[in-house]
Amino acid sequence: MASCDINANAPEERMPKRRKTSTKTCIKCKQDNGCLVLRGLVYCRKCTQALVTQKFKRVIDEVIDPNEASDAVLAIGYSGGLDPPRESLLSYLGGLPTRSAINESIQILTRRLLERTAKSLGVSHLLLGRSLSSVSIALLSSICSGRGSTIGEERQSSQEGVVSLNPLRELGSKECAACVWWYSLNVISSPILHLESGGSTASISRLTRAFLSGIEKDYPSTVFTIAKTCAKVVPKENNMGICALCFRNAPTSEEQFGASSVISASSQDLEDSSLRLCYACKTLLTSGNSRSTSSMNTSPLPLPIWGMSTPNTH
């Protein structure tokens with residue numbers, strides 16, 4: 001009989017942590033003293049700024065042809081604007097079954113608001129401020145939430161003629177934080193909404209963020225690997241429909257989509273029609289892990305806001 005031959009007394013094998021660098025000279029220019037360590041390499045301020053600019057332009061050039069750049073109309077999306085319809089928002093969010101559903105709904109509504117606003121302004125490209133770390137968190141959270149077939153749209157998507165992209169998707173949290181400090185940029189903070197919710201306040205996105213943030217400290221290349229691997233994932237089915245809630249691709253065949261994912265619309269404006277939800281949105285609205293109404297408590301919930309910022313020049 002075959003056996004695994006596992007030695008219970010053998011020491012546990014672990015992935016080696018990153019080696020601490022001993023040099024203080026910039027790895028790129030070989031002249032100035034370094035001020036930032038990125039993935040084990042030391043960079044000076046000047047070289048870091050040049051690297052950030054290079055990566056930012058590379059993402060832009062992949063989407064917008066430099067020869068056609070004069071015809072492109074760009075808009076920068078800060079974080080949305082869900083605070084004005086406060087009462088309706090509270091009513092909707094309060095009826096969702098889980099904390100993950102609440103957080104995910106806010107993300108969906110924010111994205112849709114940005115896309116529709118960009119379209120109304122005649123914008124061709126919408127620039128979002130998500131870094132490599134944020135994109136990686138969104139990718140893993142989408143997979144955990146059942147949105148594996150649409151993770152490509154977390155990096156770049158197109159809705160109603162507006163292309164949404166993340167020019168900072170190749171920059172880690174360190175590079176972004178350094179630039180914020182060097183250029184004295186204003187960081188927009190989201191207001192906290194206190195919403196009645198029972199049970200655990202943890203959500204899939206929050207747990208994923210905590211997990212990746214912990215790994216990134218000792219294994220900085222992990223976040224880059226996640227984003228690079230997910231970029232290669234493509235949906236198996238070519239015939240895709242549109243989900244009525246998240247407005248992203250969803251399988252159209254009933255066998256793959258599931259007959260239970262089709263719900264009838266009750267609105268008078270949608271008589272004799274049906275709304276098709278993707279698996280993740282259906283789970284978002286009908287998850288069995290409902291919050292207990294017998295143990296209600298108040299927990300903070302961050303809401304996105306509109307923000308205006310005038311960049312400082314140096």
# chains A, B, ... in the order shown; residues from 1 in each chain; ligands from 1

call {"tool": "closest_atom_pairs", "arguments": {"of": "segment 205-237 of chain A", "to": "segment 91-106 of chain A", "cutoff": "12 Å", "atoms": "only C-alpha atoms", "output": "Markdown table"}}
result
| residue | atom | partner | partner_atom | distance |
| --- | --- | --- | --- | --- |
| A:Ser205 | CA | A:Ser100 | CA | 7.2 |
| A:Arg206 | CA | A:Ser100 | CA | 8.6 |
| A:Leu207 | CA | A:Ser100 | CA | 10.0 |
| A:Thr208 | CA | A:Ser100 | CA | 11.3 |

call {"tool": "residues_around", "arguments": {"residues": "Glu154 of chain A", "least_positions_apart": "4", "cutoff": "9 Å", "atoms": "only C-alpha atoms", "output": "VMD selection string"}}
result
chain A and resid 135 138 to 139 142 150 165 to 166

call {"tool": "residues_around", "arguments": {"residues": "Val162 of chain A", "least_positions_apart": "2", "cutoff": "12 Å", "atoms": "only C-alpha atoms", "output": "list in words"}}
result
Val63, Ala72, Val73, Leu74, Ala75, Arg111, Arg112, Leu114, Glu115, Arg116, Thr117, Ala118, Lys119, Ser120, Leu121, Gly122, Val123, Ser124, His125, Leu126, Leu127, Gln156, Ser157, Ser158, Gln159, Glu160, Ser164 and Leu165 of chain A

call {"tool": "write_last_selection", "arguments": {"atoms": "N, CA, C and O atoms", "output": "short mmCIF file (atom, residue, chain, number, x, y, z; two decimals), in the first residue's frame"}}
result
data_model
loop_
_atom_site.label_atom_id
_atom_site.label_comp_id
_atom_site.auth_asym_id
_atom_site.auth_seq_id
_atom_site.Cartn_x
_atom_site.Cartn_y
_atom_site.Cartn_z
N VAL A 63 -4.81 51.80 -23.80
CA VAL A 63 -6.24 51.99 -24.05
C VAL A 63 -6.48 53.09 -25.08
O VAL A 63 -7.35 52.97 -25.95
N ALA A 72 -10.01 62.07 -27.50
CA ALA A 72 -10.49 61.44 -26.27
C ALA A 72 -10.87 62.49 -25.24
O ALA A 72 -10.22 63.52 -25.09
N VAL A 73 -11.97 62.23 -24.52
CA VAL A 73 -12.42 63.09 -23.44
C VAL A 73 -12.35 62.29 -22.15
O VAL A 73 -13.05 61.30 -21.98
N LEU A 74 -11.48 62.71 -21.23
CA LEU A 74 -11.22 61.95 -20.02
C LEU A 74 -11.86 62.62 -18.81
O LEU A 74 -11.93 63.84 -18.73
N ALA A 75 -12.32 61.80 -17.90
CA ALA A 75 -12.86 62.28 -16.62
C ALA A 75 -12.27 61.44 -15.51
O ALA A 75 -12.01 60.25 -15.67
N ARG A 111 -20.12 52.58 -8.88
CA ARG A 111 -19.61 52.39 -10.23
C ARG A 111 -20.64 52.79 -11.27
O ARG A 111 -20.31 53.49 -12.25
N ARG A 112 -21.89 52.39 -11.09
CA ARG A 112 -22.93 52.73 -12.06
C ARG A 112 -23.18 54.23 -12.11
O ARG A 112 -23.43 54.81 -13.18
N LEU A 114 -20.97 56.59 -11.47
CA LEU A 114 -19.84 57.18 -12.17
C LEU A 114 -19.96 56.98 -13.68
O LEU A 114 -19.71 57.90 -14.47
N GLU A 115 -20.35 55.78 -14.09
CA GLU A 115 -20.48 55.48 -15.51
C GLU A 115 -21.58 56.30 -16.16
O GLU A 115 -21.40 56.85 -17.26
N ARG A 116 -22.71 56.42 -15.51
CA ARG A 116 -23.83 57.18 -16.08
C ARG A 116 -23.52 58.67 -16.11
O ARG A 116 -23.90 59.38 -17.04
N THR A 117 -22.84 59.17 -15.08
CA THR A 117 -22.46 60.58 -15.06
C THR A 117 -21.46 60.88 -16.17
O THR A 117 -21.55 61.91 -16.85
N ALA A 118 -20.49 59.96 -16.34
CA ALA A 118 -19.50 60.14 -17.41
C ALA A 118 -20.17 60.18 -18.77
O ALA A 118 -19.82 61.00 -19.63
N LYS A 119 -21.16 59.31 -18.98
CA LYS A 119 -21.87 59.29 -20.27
C LYS A 119 -22.63 60.59 -20.49
O LYS A 119 -22.64 61.15 -21.60
N SER A 120 -23.28 61.09 -19.43
CA SER A 120 -24.06 62.33 -19.56
C SER A 120 -23.17 63.53 -19.87
O SER A 120 -23.61 64.52 -20.45
N LEU A 121 -21.90 63.44 -19.49
CA LEU A 121 -20.95 64.54 -19.77
C LEU A 121 -20.24 64.38 -21.10
O LEU A 121 -19.40 65.20 -21.46
N GLY A 122 -20.56 63.31 -21.84
CA GLY A 122 -19.93 63.08 -23.12
C GLY A 122 -18.50 62.60 -23.01
O GLY A 122 -17.68 62.82 -23.91
N VAL A 123 -18.18 61.92 -21.91
CA VAL A 123 -16.83 61.45 -21.66
C VAL A 123 -16.60 60.12 -22.38
O VAL A 123 -17.48 59.26 -22.43
N SER A 124 -15.41 59.94 -22.93
CA SER A 124 -15.09 58.69 -23.61
C SER A 124 -14.35 57.71 -22.70
O SER A 124 -14.46 56.50 -22.86
N HIS A 125 -13.59 58.24 -21.73
CA HIS A 125 -12.80 57.40 -20.84
C HIS A 125 -12.93 57.90 -19.40
O HIS A 125 -12.78 59.10 -19.14
N LEU A 126 -13.19 56.97 -18.50
CA LEU A 126 -13.33 57.29 -17.08
C LEU A 126 -12.13 56.71 -16.34
O LEU A 126 -11.90 55.49 -16.35
N LEU A 127 -11.36 57.58 -15.68
CA LEU A 127 -10.16 57.16 -14.97
C LEU A 127 -10.47 56.99 -13.49
O LEU A 127 -10.94 57.92 -12.83
N GLN A 156 -10.46 46.72 -16.36
CA GLN A 156 -10.90 47.64 -17.41
C GLN A 156 -12.24 47.17 -17.93
O GLN A 156 -12.45 45.97 -18.15
N SER A 157 -13.17 48.09 -18.11
CA SER A 157 -14.51 47.72 -18.58
C SER A 157 -15.04 48.80 -19.51
O SER A 157 -14.50 49.91 -19.58
N SER A 158 -16.11 48.46 -20.21
CA SER A 158 -16.75 49.40 -21.13
C SER A 158 -18.25 49.29 -20.99
O SER A 158 -18.82 48.20 -21.11
N GLN A 159 -18.89 50.40 -20.67
CA GLN A 159 -20.33 50.44 -20.51
C GLN A 159 -20.89 51.65 -21.25
O GLN A 159 -20.48 52.79 -21.01
N GLU A 160 -21.81 51.39 -22.16
CA GLU A 160 -22.52 52.45 -22.87
C GLU A 160 -21.56 53.45 -23.52
O GLU A 160 -21.78 54.66 -23.50
N SER A 164 -13.90 52.44 -18.73
CA SER A 164 -13.38 52.68 -17.38
C SER A 164 -12.07 51.94 -17.21
O SER A 164 -11.99 50.74 -17.49
N LEU A 165 -11.06 52.64 -16.75
CA LEU A 165 -9.74 52.01 -16.58
C LEU A 165 -9.09 52.51 -15.30
O LEU A 165 -9.51 53.51 -14.70
#

call {"tool": "residues_around", "arguments": {"residues": "Lys30 of chain A", "least_positions_apart": "5", "cutoff": "12 Å", "atoms": "only C-alpha atoms", "output": "short mmCIF file (atom, residue, chain, number, x, y, z; two decimals) with N, CA, C and O atoms, in the first residue's frame"}}
result
data_model
loop_
_atom_site.label_atom_id
_atom_site.label_comp_id
_atom_site.auth_asym_id
_atom_site.auth_seq_id
_atom_site.Cartn_x
_atom_site.Cartn_y
_atom_site.Cartn_z
N THR A 23 21.86 47.92 1.03
CA THR A 23 22.35 49.09 0.32
C THR A 23 21.43 50.29 0.53
O THR A 23 20.22 50.12 0.72
N LYS A 24 21.99 51.49 0.47
CA LYS A 24 21.21 52.71 0.63
C LYS A 24 21.23 53.55 -0.65
O LYS A 24 20.67 54.65 -0.68
N THR A 25 21.89 53.06 -1.68
CA THR A 25 21.98 53.77 -2.94
C THR A 25 20.87 53.31 -3.89
O THR A 25 20.54 52.13 -3.94
N LEU A 41 13.89 46.47 -3.47
CA LEU A 41 14.85 47.33 -4.17
C LEU A 41 14.69 48.77 -3.70
O LEU A 41 13.57 49.24 -3.46
N VAL A 42 15.82 49.46 -3.60
CA VAL A 42 15.83 50.83 -3.09
C VAL A 42 15.79 51.83 -4.25
O VAL A 42 16.55 51.69 -5.21
N TYR A 43 14.91 52.83 -4.14
CA TYR A 43 14.79 53.86 -5.17
C TYR A 43 14.87 55.23 -4.51
O TYR A 43 14.39 55.44 -3.39
N CYS A 44 15.46 56.18 -5.23
CA CYS A 44 15.46 57.56 -4.77
C CYS A 44 14.14 58.22 -5.20
O CYS A 44 13.36 57.64 -5.96
N LYS A 46 13.58 60.87 -7.13
CA LYS A 46 13.51 61.22 -8.56
C LYS A 46 13.20 60.00 -9.42
O LYS A 46 12.36 60.07 -10.32
N CYS A 47 13.85 58.88 -9.15
CA CYS A 47 13.63 57.67 -9.94
C CYS A 47 12.26 57.07 -9.67
O CYS A 47 11.63 56.50 -10.57
#

call {"tool": "atom_distance", "arguments": {"atom1": "atom CA of Glu68 of chain A", "atom2": "atom CA of Ala50 of chain A"}}
result
24.3 Å

call {"tool": "residues_around", "arguments": {"residues": "segment 214-223 of chain A", "least_positions_apart": "3", "cutoff": "8 Å", "atoms": "only C-alpha atoms", "output": "PyMOL selection string"}}
result
chain A and resi 17-18+39+132-133+136+210-211+226-227

call {"tool": "write_last_selection", "arguments": {"atoms": "C-alpha atoms", "output": "PDB file, in the first residue's frame"}}
result
ATOM      1  CA  LYS A  17      10.377  36.026   3.390  1.00  0.00           C
ATOM      2  CA  ARG A  18      11.848  38.852   1.370  1.00  0.00           C
ATOM      3  CA  ARG A  39       9.804  44.856  -3.622  1.00  0.00           C
ATOM      4  CA  LEU A 132      -2.403  47.573  -7.740  1.00  0.00           C
ATOM      5  CA  SER A 133      -3.336  46.642  -4.182  1.00  0.00           C
ATOM      6  CA  SER A 136      -5.965  42.799  -6.466  1.00  0.00           C
ATOM      7  CA  ALA A 210      -6.805  42.323   5.664  1.00  0.00           C
ATOM      8  CA  PHE A 211      -5.457  39.092   4.162  1.00  0.00           C
ATOM      9  CA  ILE A 226      -2.533  37.981  -8.288  1.00  0.00           C
ATOM     10  CA  ALA A 227      -3.243  40.852 -10.675  1.00  0.00           C
TER      11      ALA A 227
END

call {"tool": "residues_around", "arguments": {"residues": "Ser149 of chain A", "least_positions_apart": "5", "cutoff": "10 Å", "atoms": "only C-alpha atoms", "output": "ChimeraX atom specification"}}
result
/A:142-143,233-237,248-251

call {"tool": "write_last_selection", "arguments": {"atoms": "N, CA, C and O atoms", "output": "PDB file, in the first residue's frame"}}
result
ATOM      1  N   SER A 142     -14.102  39.528  -5.917  1.00  0.00           N
ATOM      2  CA  SER A 142     -15.061  39.160  -6.969  1.00  0.00           C
ATOM      3  C   SER A 142     -15.136  37.651  -7.134  1.00  0.00           C
ATOM      4  O   SER A 142     -16.225  37.085  -7.295  1.00  0.00           O
ATOM      5  N   ILE A 143     -13.992  36.991  -7.091  1.00  0.00           N
ATOM      6  CA  ILE A 143     -13.975  35.535  -7.208  1.00  0.00           C
ATOM      7  C   ILE A 143     -14.708  34.897  -6.033  1.00  0.00           C
ATOM      8  O   ILE A 143     -15.510  33.977  -6.201  1.00  0.00           O
ATOM      9  N   VAL A 233      -7.395  35.462 -17.088  1.00  0.00           N
ATOM     10  CA  VAL A 233      -8.636  34.697 -16.987  1.00  0.00           C
ATOM     11  C   VAL A 233      -9.672  35.261 -17.949  1.00  0.00           C
ATOM     12  O   VAL A 233      -9.921  36.468 -17.983  1.00  0.00           O
ATOM     13  N   VAL A 234     -10.302  34.393 -18.732  1.00  0.00           N
ATOM     14  CA  VAL A 234     -11.366  34.794 -19.654  1.00  0.00           C
ATOM     15  C   VAL A 234     -12.571  33.888 -19.422  1.00  0.00           C
ATOM     16  O   VAL A 234     -12.414  32.723 -19.044  1.00  0.00           O
ATOM     17  N   PRO A 235     -13.792  34.393 -19.605  1.00  0.00           N
ATOM     18  CA  PRO A 235     -14.975  33.551 -19.410  1.00  0.00           C
ATOM     19  C   PRO A 235     -15.038  32.419 -20.420  1.00  0.00           C
ATOM     20  O   PRO A 235     -14.638  32.581 -21.577  1.00  0.00           O
ATOM     21  N   LYS A 236     -15.554  31.280 -19.988  1.00  0.00           N
ATOM     22  CA  LYS A 236     -15.630  30.101 -20.848  1.00  0.00           C
ATOM     23  C   LYS A 236     -16.688  30.274 -21.926  1.00  0.00           C
ATOM     24  O   LYS A 236     -16.521  29.836 -23.068  1.00  0.00           O
ATOM     25  N   GLU A 237     -17.795  30.922 -21.574  1.00  0.00           N
ATOM     26  CA  GLU A 237     -18.905  31.074 -22.519  1.00  0.00           C
ATOM     27  C   GLU A 237     -18.782  32.383 -23.284  1.00  0.00           C
ATOM     28  O   GLU A 237     -18.567  33.444 -22.692  1.00  0.00           O
ATOM     29  N   ARG A 248     -23.077  43.878 -15.750  1.00  0.00           N
ATOM     30  CA  ARG A 248     -21.914  43.206 -16.300  1.00  0.00           C
ATOM     31  C   ARG A 248     -22.337  41.903 -16.938  1.00  0.00           C
ATOM     32  O   ARG A 248     -23.478  41.466 -16.792  1.00  0.00           O
ATOM     33  N   ASN A 249     -21.420  41.289 -17.679  1.00  0.00           N
ATOM     34  CA  ASN A 249     -21.750  40.101 -18.445  1.00  0.00           C
ATOM     35  C   ASN A 249     -22.237  38.969 -17.561  1.00  0.00           C
ATOM     36  O   ASN A 249     -21.745  38.763 -16.454  1.00  0.00           O
ATOM     37  N   ALA A 250     -23.206  38.240 -18.074  1.00  0.00           N
ATOM     38  CA  ALA A 250     -23.740  37.068 -17.391  1.00  0.00           C
ATOM     39  C   ALA A 250     -24.110  36.038 -18.446  1.00  0.00           C
ATOM     40  O   ALA A 250     -24.533  36.398 -19.556  1.00  0.00           O
ATOM     41  N   PRO A 251     -23.936  34.743 -18.181  1.00  0.00           N
ATOM     42  CA  PRO A 251     -24.297  33.702 -19.146  1.00  0.00           C
ATOM     43  C   PRO A 251     -25.757  33.810 -19.565  1.00  0.00           C
ATOM     44  O   PRO A 251     -26.631  34.131 -18.757  1.00  0.00           O
TER      45      PRO A 251
END
